[in-house]
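So this one's coords.cif, mmCIF, C-alpha atoms and all ligand atoms:
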```cif
data_upload
loop_
_atom_site.group_PDB
_atom_site.id
_atom_site.type_symbol
_atom_site.label_atom_id
_atom_site.label_comp_id
_atom_site.auth_asym_id
_atom_site.auth_seq_id
_atom_site.Cartn_x
_atom_site.Cartn_y
_atom_site.Cartn_z
ATOM 1 C CA MET V 1 22.019 -1.051 21.611
ATOM 2 C CA LYS V 2 18.863 0.362 20.030
ATOM 3 C CA ASN V 3 16.276 -2.241 19.046
ATOM 4 C CA LYS V 4 15.573 -2.503 15.343
ATOM 5 C CA ILE V 5 12.123 -1.110 14.520
ATOM 6 C CA THR V 6 10.201 -3.013 11.874
ATOM 7 C CA ALA V 7 7.068 -1.483 10.345
ATOM 8 C CA VAL V 8 4.514 -3.176 8.105
ATOM 9 C CA TYR V 9 2.633 -1.209 5.465
ATOM 10 C CA PRO V 10 -0.403 -3.233 4.333
ATOM 11 C CA GLY V 11 -2.708 -2.525 1.419
ATOM 12 C CA THR V 12 -4.344 -3.935 -1.669
ATOM 13 C CA PHE V 13 -1.902 -2.184 -4.031
ATOM 14 C CA ASP V 14 -4.067 -2.868 -7.102
ATOM 15 C CA PRO V 15 -1.910 -1.249 -8.430
ATOM 16 C CA VAL V 16 0.675 0.679 -6.389
ATOM 17 C CA THR V 17 0.431 4.438 -7.068
ATOM 18 C CA TYR V 18 2.676 7.446 -6.393
ATOM 19 C CA GLY V 19 0.509 8.068 -3.301
ATOM 20 C CA HIS V 20 1.567 4.703 -1.854
ATOM 21 C CA ILE V 21 5.180 5.285 -2.897
ATOM 22 C CA ASP V 22 5.136 8.619 -1.075
ATOM 23 C CA ILE V 23 4.123 6.795 2.139
ATOM 24 C CA ILE V 24 6.694 4.027 1.570
ATOM 25 C CA GLU V 25 9.474 6.596 1.156
ATOM 26 C CA ARG V 26 8.473 8.438 4.343
ATOM 27 C CA ALA V 27 8.267 5.158 6.290
ATOM 28 C CA SER V 28 11.646 4.005 4.977
ATOM 29 C CA GLN V 29 13.203 7.166 6.448
ATOM 30 C CA LEU V 30 11.586 6.591 9.849
ATOM 31 C CA PHE V 31 11.986 2.862 10.483
ATOM 32 C CA ASP V 32 14.855 0.402 10.250
ATOM 33 C CA GLU V 33 12.879 -2.024 8.127
ATOM 34 C CA VAL V 34 9.595 -1.578 6.240
ATOM 35 C CA ILE V 35 7.635 -4.582 4.985
ATOM 36 C CA VAL V 36 5.168 -3.537 2.309
ATOM 37 C CA THR V 37 2.636 -6.335 2.334
ATOM 38 C CA VAL V 38 -0.118 -7.160 -0.148
ATOM 39 C CA ALA V 39 -3.405 -8.122 1.523
ATOM 40 C CA LEU V 40 -4.910 -11.192 -0.115
ATOM 41 C CA ASN V 41 -8.132 -12.013 1.680
ATOM 42 C CA ILE V 42 -9.971 -8.752 1.380
ATOM 43 C CA ASN V 43 -13.447 -8.239 -0.051
ATOM 44 C CA LYS V 44 -12.156 -6.852 -3.306
ATOM 45 C CA LYS V 45 -11.705 -8.496 -6.685
ATOM 46 C CA PRO V 46 -8.282 -7.222 -7.710
ATOM 47 C CA LEU V 47 -7.386 -6.618 -11.345
ATOM 48 C CA PHE V 48 -3.815 -7.756 -10.700
ATOM 49 C CA THR V 49 -2.770 -11.124 -9.272
ATOM 50 C CA GLU V 50 -0.759 -11.406 -6.081
ATOM 51 C CA ALA V 51 2.431 -12.026 -8.106
ATOM 52 C CA GLU V 52 1.792 -9.032 -10.383
ATOM 53 C CA ARG V 53 1.136 -6.684 -7.461
ATOM 54 C CA LYS V 54 4.291 -7.861 -5.712
ATOM 55 C CA ASP V 55 6.382 -7.570 -8.885
ATOM 56 C CA MET V 56 5.261 -3.963 -9.423
ATOM 57 C CA LEU V 57 6.008 -3.125 -5.787
ATOM 58 C CA LYS V 58 9.447 -4.759 -6.022
ATOM 59 C CA SER V 59 10.252 -2.820 -9.134
ATOM 60 C CA VAL V 60 9.204 0.589 -7.754
ATOM 61 C CA CYS V 61 10.729 0.011 -4.300
ATOM 62 C CA ARG V 62 14.114 -1.278 -5.462
ATOM 63 C CA LYS V 63 15.794 2.016 -4.544
ATOM 64 C CA TYR V 64 14.703 1.804 -0.889
ATOM 65 C CA LYS V 65 17.233 -0.560 0.639
ATOM 66 C CA ASN V 66 15.328 -1.193 3.888
ATOM 67 C CA VAL V 67 12.016 -1.993 2.160
ATOM 68 C CA LYS V 68 10.869 -5.575 1.593
ATOM 69 C CA ILE V 69 7.817 -6.800 -0.303
ATOM 70 C CA ASP V 70 5.582 -9.565 1.003
ATOM 71 C CA SER V 71 1.932 -10.664 1.068
ATOM 72 C CA PHE V 72 -0.384 -11.992 3.721
ATOM 73 C CA SER V 73 -3.774 -13.528 4.314
ATOM 74 C CA GLY V 74 -5.543 -13.726 7.652
ATOM 75 C CA LEU V 75 -5.431 -11.017 10.252
ATOM 76 C CA LEU V 76 -3.053 -8.095 9.887
ATOM 77 C CA ALA V 77 -2.438 -8.030 13.657
ATOM 78 C CA ASP V 78 -1.263 -11.683 13.602
ATOM 79 C CA TYR V 79 0.930 -10.985 10.599
ATOM 80 C CA ALA V 80 2.569 -7.985 12.304
ATOM 81 C CA VAL V 81 3.322 -10.055 15.425
ATOM 82 C CA LYS V 82 4.729 -12.894 13.295
ATOM 83 C CA LYS V 83 7.044 -10.434 11.532
ATOM 84 C CA LYS V 84 8.120 -8.945 14.906
ATOM 85 C CA ALA V 85 6.865 -5.553 13.720
ATOM 86 C CA SER V 86 6.051 -2.956 16.350
ATOM 87 C CA VAL V 87 4.446 -0.547 13.882
ATOM 88 C CA ILE V 88 1.659 -0.680 11.294
ATOM 89 C CA VAL V 89 1.873 2.206 8.836
ATOM 90 C CA ARG V 90 -1.263 3.586 7.214
ATOM 91 C CA GLY V 91 -1.682 6.599 4.979
ATOM 92 C CA LEU V 92 -4.253 9.258 5.821
ATOM 93 C CA ARG V 93 -5.281 11.203 2.762
ATOM 94 C CA ALA V 94 -8.388 13.047 3.889
ATOM 95 C CA VAL V 95 -10.804 13.304 6.795
ATOM 96 C CA SER V 96 -12.956 10.706 5.016
ATOM 97 C CA ASP V 97 -10.246 8.081 5.664
ATOM 98 C CA PHE V 98 -10.306 8.752 9.384
ATOM 99 C CA GLU V 99 -13.304 6.797 10.690
ATOM 100 C CA TYR V 100 -12.396 3.544 8.970
ATOM 101 C CA GLU V 101 -8.735 3.878 9.923
ATOM 102 C CA PHE V 102 -9.617 4.722 13.529
ATOM 103 C CA GLN V 103 -11.767 1.600 13.846
ATOM 104 C CA MET V 104 -9.131 -0.568 12.202
ATOM 105 C CA SER V 105 -6.284 0.741 14.336
ATOM 106 C CA LEU V 106 -8.196 0.284 17.608
ATOM 107 C CA THR V 107 -9.196 -3.249 16.601
ATOM 108 C CA ASN V 108 -5.619 -4.098 15.693
ATOM 109 C CA ARG V 109 -4.435 -2.674 19.018
ATOM 110 C CA LYS V 110 -6.942 -4.858 20.853
ATOM 111 C CA LEU V 111 -5.646 -7.900 18.956
ATOM 112 C CA ALA V 112 -1.947 -7.015 19.233
ATOM 113 C CA PRO V 113 -1.420 -4.493 22.077
ATOM 114 C CA LYS V 114 2.311 -4.109 21.412
ATOM 115 C CA VAL V 115 1.814 -3.051 17.806
ATOM 116 C CA SER V 116 1.050 0.655 17.235
ATOM 117 C CA THR V 117 -0.542 2.091 14.117
ATOM 118 C CA ILE V 118 1.172 5.192 12.824
ATOM 119 C CA PHE V 119 -0.485 7.428 10.244
ATOM 120 C CA LEU V 120 1.519 9.249 7.640
ATOM 121 C CA MET V 121 0.134 11.891 5.324
ATOM 122 C CA PRO V 122 1.147 11.688 1.688
ATOM 123 C CA HIS V 123 1.950 14.859 -0.229
ATOM 124 C CA GLU V 124 -1.247 16.854 -0.779
ATOM 125 C CA LYS V 125 -1.028 16.315 -4.528
ATOM 126 C CA TYR V 126 -1.962 12.661 -3.895
ATOM 127 C CA THR V 127 -4.818 13.192 -1.452
ATOM 128 C CA TYR V 128 -7.565 12.430 -4.005
ATOM 129 C CA LEU V 129 -5.785 9.483 -5.580
ATOM 130 C CA ASN V 130 -6.716 5.828 -5.244
ATOM 131 C CA SER V 131 -6.130 2.674 -7.241
ATOM 132 C CA SER V 132 -9.727 2.430 -8.571
ATOM 133 C CA LEU V 133 -9.372 5.863 -10.144
ATOM 134 C CA VAL V 134 -6.146 4.821 -11.843
ATOM 135 C CA ARG V 135 -7.698 1.559 -13.089
ATOM 136 C CA GLU V 136 -10.710 3.411 -14.461
ATOM 137 C CA LEU V 137 -8.623 6.064 -16.213
ATOM 138 C CA SER V 138 -6.380 3.416 -17.738
ATOM 139 C CA LYS V 139 -9.329 1.368 -18.961
ATOM 140 C CA PHE V 140 -10.447 4.329 -21.083
ATOM 141 C CA ASP V 141 -6.903 5.236 -22.075
ATOM 142 C CA GLY V 142 -6.784 8.349 -19.864
ATOM 143 C CA ASN V 143 -3.479 9.977 -18.969
ATOM 144 C CA ILE V 144 -2.147 8.432 -15.736
ATOM 145 C CA LYS V 145 1.502 9.388 -15.932
ATOM 146 C CA ASP V 146 1.254 11.699 -12.907
ATOM 147 C CA PHE V 147 -0.317 8.943 -10.803
ATOM 148 C CA VAL V 148 1.700 5.768 -11.399
ATOM 149 C CA PRO V 149 5.231 4.869 -12.538
ATOM 150 C CA ALA V 150 5.994 3.716 -16.115
ATOM 151 C CA GLU V 151 6.209 0.064 -15.057
ATOM 152 C CA VAL V 152 2.622 0.226 -13.743
ATOM 153 C CA ILE V 153 1.390 2.056 -16.866
ATOM 154 C CA LYS V 154 2.848 -0.771 -18.962
ATOM 155 C CA ARG V 155 1.106 -3.446 -16.874
ATOM 156 C CA LEU V 156 -2.214 -1.593 -16.996
ATOM 157 C CA LYS V 157 -1.935 -1.285 -20.773
ATOM 158 C CA GLU V 158 -1.371 -5.056 -21.034
ATOM 159 C CA LYS V 159 -4.595 -5.620 -19.075
ATOM 160 C CA ARG V 160 -6.475 -3.129 -21.272
ATOM 161 C CA ASP V 161 -5.225 -4.819 -24.444
ATOM 162 C CA ARG V 162 -6.619 -8.092 -23.083
ATOM 163 C CA GLY V 163 -9.994 -6.411 -22.478
ATOM 164 C CA LEU V 164 -9.637 -6.563 -18.688
HETATM 165 N N1 LIG P 1 -2.148 6.905 -2.027
HETATM 166 C C1 LIG P 1 -3.050 6.555 -2.947
HETATM 167 N N2 LIG P 1 -4.065 5.708 -2.694
HETATM 168 C C2 LIG P 1 -4.152 5.216 -1.455
HETATM 169 C C3 LIG P 1 -3.247 5.545 -0.447
HETATM 170 C C4 LIG P 1 -2.215 6.440 -0.776
HETATM 171 N N3 LIG P 1 -1.308 6.829 0.114
HETATM 172 N N4 LIG P 1 -3.603 4.895 0.674
HETATM 173 C C5 LIG P 1 -4.695 4.182 0.374
HETATM 174 N N5 LIG P 1 -5.023 4.379 -0.912
HETATM 175 C C6 LIG P 1 -6.174 3.823 -1.630
HETATM 176 C C7 LIG P 1 -5.872 2.466 -2.188
HETATM 177 O O1 LIG P 1 -5.327 2.544 -3.488
HETATM 178 C C8 LIG P 1 -7.222 1.814 -2.197
HETATM 179 O O2 LIG P 1 -7.905 2.200 -3.354
HETATM 180 P P1 LIG P 1 -9.058 1.320 -3.999
HETATM 181 O O3 LIG P 1 -10.033 1.003 -2.920
HETATM 182 O O4 LIG P 1 -9.579 2.226 -5.032
HETATM 183 O O5 LIG P 1 -8.406 0.081 -4.578
HETATM 184 C C9 LIG P 1 -7.940 2.450 -1.019
HETATM 185 O O6 LIG P 1 -7.263 3.639 -0.756
HETATM 186 C C10 LIG P 1 -7.918 1.574 0.192
HETATM 187 O O7 LIG P 1 -6.607 1.464 0.648
HETATM 188 P P2 LIG P 1 -5.773 0.172 1.080
HETATM 189 O O8 LIG P 1 -4.571 0.695 1.743
HETATM 190 O O9 LIG P 1 -5.520 -0.749 -0.052
HETATM 191 O O10 LIG P 1 -6.660 -0.424 2.149
HETATM 192 P P3 LIG P 1 -7.756 -1.499 2.056
HETATM 193 O O11 LIG P 1 -8.913 -0.861 2.715
HETATM 194 O O12 LIG P 1 -7.953 -2.072 0.722
HETATM 195 O O13 LIG P 1 -7.068 -2.623 2.925
HETATM 196 C C11 LIG P 1 -6.224 -3.692 4.903
HETATM 197 C C12 LIG P 1 -6.938 -2.508 4.266
HETATM 198 C C13 LIG P 1 -5.712 -4.677 3.905
HETATM 199 C C14 LIG P 1 -5.069 -3.124 5.658
HETATM 200 C C15 LIG P 1 -7.266 -4.339 5.841
HETATM 201 O O14 LIG P 1 -8.392 -4.747 5.107
HETATM 202 C C16 LIG P 1 -6.700 -5.548 6.560
HETATM 203 O O15 LIG P 1 -5.922 -5.414 7.470
HETATM 204 N N6 LIG P 1 -7.081 -6.766 6.154
HETATM 205 C C17 LIG P 1 -6.624 -7.989 6.768
HETATM 206 C C18 LIG P 1 -7.709 -8.653 7.620
HETATM 207 C C19 LIG P 1 -7.802 -7.996 8.960
HETATM 208 O O16 LIG P 1 -6.879 -7.992 9.744
HETATM 209 N N7 LIG P 1 -8.987 -7.452 9.239
HETATM 210 C C20 LIG P 1 -9.256 -6.760 10.473
HETATM 211 C C21 LIG P 1 -8.775 -5.340 10.390
HETATM 212 S S1 LIG P 1 -9.105 -4.461 11.857
#
```
Represent the structure contained in this file as structure tokens.
Ligand code: COA
Amino acid sequence: MKNKITAVYPGTFDPVTYGHIDIIERASQLFDEVIVTVALNINKKPLFTEAERKDMLKSVCRKYKNVKIDSFSGLLADYAVKKKASVIVRGLRAVSDFEYEFQMSLTNRKLAPKVSTIFLMPHEKYTYLNSSLVRELSKFDGNIKDFVPAEVIKRLKEKRDRGL
């Protein structure tokens, strides 16, 4: 019998965008189980709390039956081993992503040799997108409907109304 392949897709997801969802959908078609996991101990000051980021991910990923939402702190390599994942999924949007991703994937391989990083390319219409851009546009009431789902627009508006 074929072994079940579990993949983890880590990120800050502050907030999740259509670019992330594009990667999640592709991964869900390739692997038996995909754990989308919110990184907590990174050197960023997220706008959204852990619970808010997970809630948005749960809401937008409901239709993918083999996708679970989680969070982690500590090393990604340790987390992947703990979850019995053999794959780490990362999105590659442009050449500028490559150097950082290359370093990260080799480090993770050193730490967890049985876990392979696989890069997926989102649709080209999302190659320039990132969460900071979405946060900035929302802050000044720019149109973000092509970048994030309605649920995320609503949450961003709540933050804006609170002056955040
Ligand atoms: N579509 C749109 N935007 C995307 C995207 C996609 N497909 N893929 C990435 N991005 C954006 C994100 O929105 C984010 O934007 P922002 O910086 O404006 O908020 C940016 O690209 C960075 O992407 P993200 O996937 O969130 O990566 P990260 O660099 O914030 O986090 C971790 C990388 C969490 C995987 C890494 O820091 C980690 O593993 N940390 C755990 C500790 C550890 O193990 N360290 C050693 C690693 S070798």
Quick one: residues within 6 Å of ligand LIG 1 (chain P), with all atoms listed in the file, as a PDB file with C-alpha atoms, in the frame of the given file?
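This is the output file out.pdb:
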```pdb
ATOM      1  CA  PRO V  10      -0.403  -3.233   4.333  1.00  0.00           C
ATOM      2  CA  GLY V  11      -2.708  -2.525   1.419  1.00  0.00           C
ATOM      3  CA  THR V  12      -4.344  -3.935  -1.669  1.00  0.00           C
ATOM      4  CA  PHE V  13      -1.902  -2.184  -4.031  1.00  0.00           C
ATOM      5  CA  ASP V  14      -4.067  -2.868  -7.102  1.00  0.00           C
ATOM      6  CA  THR V  17       0.431   4.438  -7.068  1.00  0.00           C
ATOM      7  CA  GLY V  19       0.509   8.068  -3.301  1.00  0.00           C
ATOM      8  CA  HIS V  20       1.567   4.703  -1.854  1.00  0.00           C
ATOM      9  CA  ILE V  23       4.123   6.795   2.139  1.00  0.00           C
ATOM     10  CA  ALA V  39      -3.405  -8.122   1.523  1.00  0.00           C
ATOM     11  CA  ILE V  42      -9.971  -8.752   1.380  1.00  0.00           C
ATOM     12  CA  GLY V  74      -5.543 -13.726   7.652  1.00  0.00           C
ATOM     13  CA  LEU V  75      -5.431 -11.017  10.252  1.00  0.00           C
ATOM     14  CA  LEU V  76      -3.053  -8.095   9.887  1.00  0.00           C
ATOM     15  CA  ALA V  77      -2.438  -8.030  13.657  1.00  0.00           C
ATOM     16  CA  GLY V  91      -1.682   6.599   4.979  1.00  0.00           C
ATOM     17  CA  MET V 104      -9.131  -0.568  12.202  1.00  0.00           C
ATOM     18  CA  THR V 107      -9.196  -3.249  16.601  1.00  0.00           C
ATOM     19  CA  ASN V 108      -5.619  -4.098  15.693  1.00  0.00           C
ATOM     20  CA  PRO V 122       1.147  11.688   1.688  1.00  0.00           C
ATOM     21  CA  LEU V 129      -5.785   9.483  -5.580  1.00  0.00           C
ATOM     22  CA  ASN V 130      -6.716   5.828  -5.244  1.00  0.00           C
ATOM     23  CA  SER V 131      -6.130   2.674  -7.241  1.00  0.00           C
ATOM     24  CA  SER V 132      -9.727   2.430  -8.571  1.00  0.00           C
TER      25      SER V 132
END
```
### Query
At what distance in Å, to one decimal, does atom CA of Met56 of chain V lie from atom CA of Pro15 of chain V?
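Between atom CA of Pro15 of chain V and atom CA of Met56 of chain V the gap works out to 7.7 Å.
Every protein, DNA or RNA residue with an atom at most 8 Å from Tyr64 of chain V, where all atoms listed in the file count and chain neighbours fewer than 2 positions away do not, is listed here: Glu25, Ser28, Cys61, Arg62, Asn66 and Val67 of chain V.
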### Selection dump of the PyMOL selection byres (((chain V and resi 36) around 6) and not hetatm), as a list of chain:residue names
V:Val8, V:Tyr9, V:Pro10, V:Ile35, V:Thr37, V:Ile69
### Query
Near Ile153 of chain V, counting all atoms listed in the file, which residues have an atom at most 12 Å away, once you skip same-chain residues fewer than 3 positions from it, shown as a list in words?
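Result of the neighbour search: Pro15, Val16, Thr17, Tyr18, Met56, Val134, Arg135, Leu137, Ser138, Lys139, Asp141, Gly142, Asn143, Ile144, Lys145, Asp146, Phe147, Val148, Pro149, Ala150, Leu156, Lys157, Glu158, Lys159 and Arg160 of chain V.
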### Task
Could you give me, as a ChimeraX atom specification, the residues within 8 Å of segment 1-7 of chain V, counting all atoms listed in the file and dropping anything in the same chain fewer than 2 positions from it?
/V:9,27,31-35,84-89
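Here atom CA of Ser73 of chain V and atom CA of His123 of chain V stand 29.3 Å from one another.
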### Query
Expressed in Å to a single decimal, how great is the separation between atom CA of Leu57 of chain V and atom CA of Glu151 of chain V?
9.8 Å
### Query
Which is closest to Val81 of chain V among V:Ser59, V:Ser116, V:Ser105, V:Ser96, if we use all atoms listed in the file?
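Smallest separation from Val81 of chain V among the options: V:Ser116.
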### Selected residue of minimal separation from Leu92 of chain V among V:Ala112, V:Val60, V:Ala80, V:Leu120, counting all atoms listed in the file
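Of the candidates, the smallest distance to Leu92 of chain V is held by V:Leu120.
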### Task
Find, counting all atoms listed in the file, the residue in V:Arg53, V:Lys82, V:Lys58, V:Arg90 that gets nearest to Arg26 of chain V.
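So, comparing all the options, the nearest one is V:Arg90.
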Your completed segment 63-74 of chain V with all heavy atoms, as a compact mmCIF listing (two decimals), keeping the file's coordinate frame:
```txt
# COMPACT_ATOMS: atom_id res chain seq x y z
N LYS V 63 14.83 1.01 -5.02
CA LYS V 63 15.79 2.02 -4.54
C LYS V 63 15.77 2.19 -3.02
O LYS V 63 16.67 2.82 -2.46
CB LYS V 63 15.55 3.35 -5.23
CG LYS V 63 14.19 3.94 -5.00
CD LYS V 63 14.05 5.22 -5.80
CE LYS V 63 12.61 5.64 -5.83
NZ LYS V 63 12.20 6.52 -6.81
N TYR V 64 14.76 1.67 -2.35
CA TYR V 64 14.70 1.80 -0.89
C TYR V 64 15.29 0.53 -0.27
O TYR V 64 14.65 -0.52 -0.28
CB TYR V 64 13.26 2.03 -0.41
CG TYR V 64 12.57 3.15 -1.13
CD1 TYR V 64 11.47 2.92 -1.92
CD2 TYR V 64 13.05 4.46 -1.03
CE1 TYR V 64 10.84 3.95 -2.60
CE2 TYR V 64 12.42 5.50 -1.71
CZ TYR V 64 11.33 5.23 -2.50
OH TYR V 64 10.71 6.26 -3.18
N LYS V 65 16.49 0.65 0.25
CA LYS V 65 17.23 -0.56 0.64
C LYS V 65 16.64 -1.27 1.86
O LYS V 65 16.88 -2.46 2.06
CB LYS V 65 18.72 -0.21 0.91
CG LYS V 65 19.44 0.32 -0.32
CD LYS V 65 19.43 -0.70 -1.47
CE LYS V 65 19.93 -0.10 -2.78
NZ LYS V 65 19.33 -0.69 -3.98
N ASN V 66 15.90 -0.55 2.69
CA ASN V 66 15.33 -1.19 3.89
C ASN V 66 13.85 -1.59 3.70
O ASN V 66 13.15 -1.84 4.66
CB ASN V 66 15.47 -0.27 5.11
CG ASN V 66 14.81 1.07 4.91
OD1 ASN V 66 14.50 1.46 3.78
ND2 ASN V 66 14.56 1.79 6.00
N VAL V 67 13.42 -1.63 2.44
CA VAL V 67 12.02 -1.99 2.16
C VAL V 67 11.95 -3.39 1.54
O VAL V 67 12.68 -3.69 0.59
CB VAL V 67 11.37 -0.95 1.21
CG1 VAL V 67 9.99 -1.40 0.76
CG2 VAL V 67 11.28 0.41 1.90
N LYS V 68 11.08 -4.22 2.13
CA LYS V 68 10.87 -5.58 1.59
C LYS V 68 9.42 -5.69 1.14
O LYS V 68 8.54 -5.03 1.69
CB LYS V 68 11.07 -6.62 2.70
CG LYS V 68 12.50 -6.86 3.06
CD LYS V 68 12.53 -7.99 4.08
CE LYS V 68 13.94 -8.17 4.59
NZ LYS V 68 13.97 -8.84 5.88
N ILE V 69 9.19 -6.59 0.21
CA ILE V 69 7.82 -6.80 -0.30
C ILE V 69 7.35 -8.20 0.09
O ILE V 69 8.12 -9.17 -0.02
CB ILE V 69 7.78 -6.66 -1.85
CG1 ILE V 69 8.46 -5.37 -2.31
CG2 ILE V 69 6.34 -6.77 -2.35
CD1 ILE V 69 7.92 -4.08 -1.74
N ASP V 70 6.12 -8.28 0.56
CA ASP V 70 5.58 -9.56 1.00
C ASP V 70 4.07 -9.56 0.73
O ASP V 70 3.54 -8.60 0.16
CB ASP V 70 5.88 -9.72 2.51
CG ASP V 70 5.70 -11.14 3.01
OD1 ASP V 70 5.61 -12.07 2.18
OD2 ASP V 70 5.65 -11.33 4.25
N SER V 71 3.40 -10.62 1.14
CA SER V 71 1.93 -10.66 1.07
C SER V 71 1.43 -11.43 2.28
O SER V 71 2.21 -12.14 2.92
CB SER V 71 1.47 -11.34 -0.23
OG SER V 71 2.06 -12.60 -0.34
N PHE V 72 0.15 -11.27 2.57
CA PHE V 72 -0.38 -11.99 3.72
C PHE V 72 -1.88 -12.25 3.53
O PHE V 72 -2.56 -11.54 2.81
CB PHE V 72 -0.15 -11.21 5.03
CG PHE V 72 -1.09 -10.05 5.24
CD1 PHE V 72 -2.14 -10.12 6.16
CD2 PHE V 72 -0.94 -8.88 4.51
CE1 PHE V 72 -3.01 -9.06 6.34
CE2 PHE V 72 -1.81 -7.81 4.68
CZ PHE V 72 -2.84 -7.90 5.60
N SER V 73 -2.33 -13.33 4.20
CA SER V 73 -3.77 -13.53 4.31
C SER V 73 -4.03 -13.74 5.80
O SER V 73 -3.10 -13.99 6.56
CB SER V 73 -4.25 -14.70 3.46
OG SER V 73 -3.41 -15.78 3.63
N GLY V 74 -5.26 -13.64 6.21
CA GLY V 74 -5.54 -13.73 7.65
C GLY V 74 -5.51 -12.34 8.26
O GLY V 74 -5.60 -11.34 7.54
```
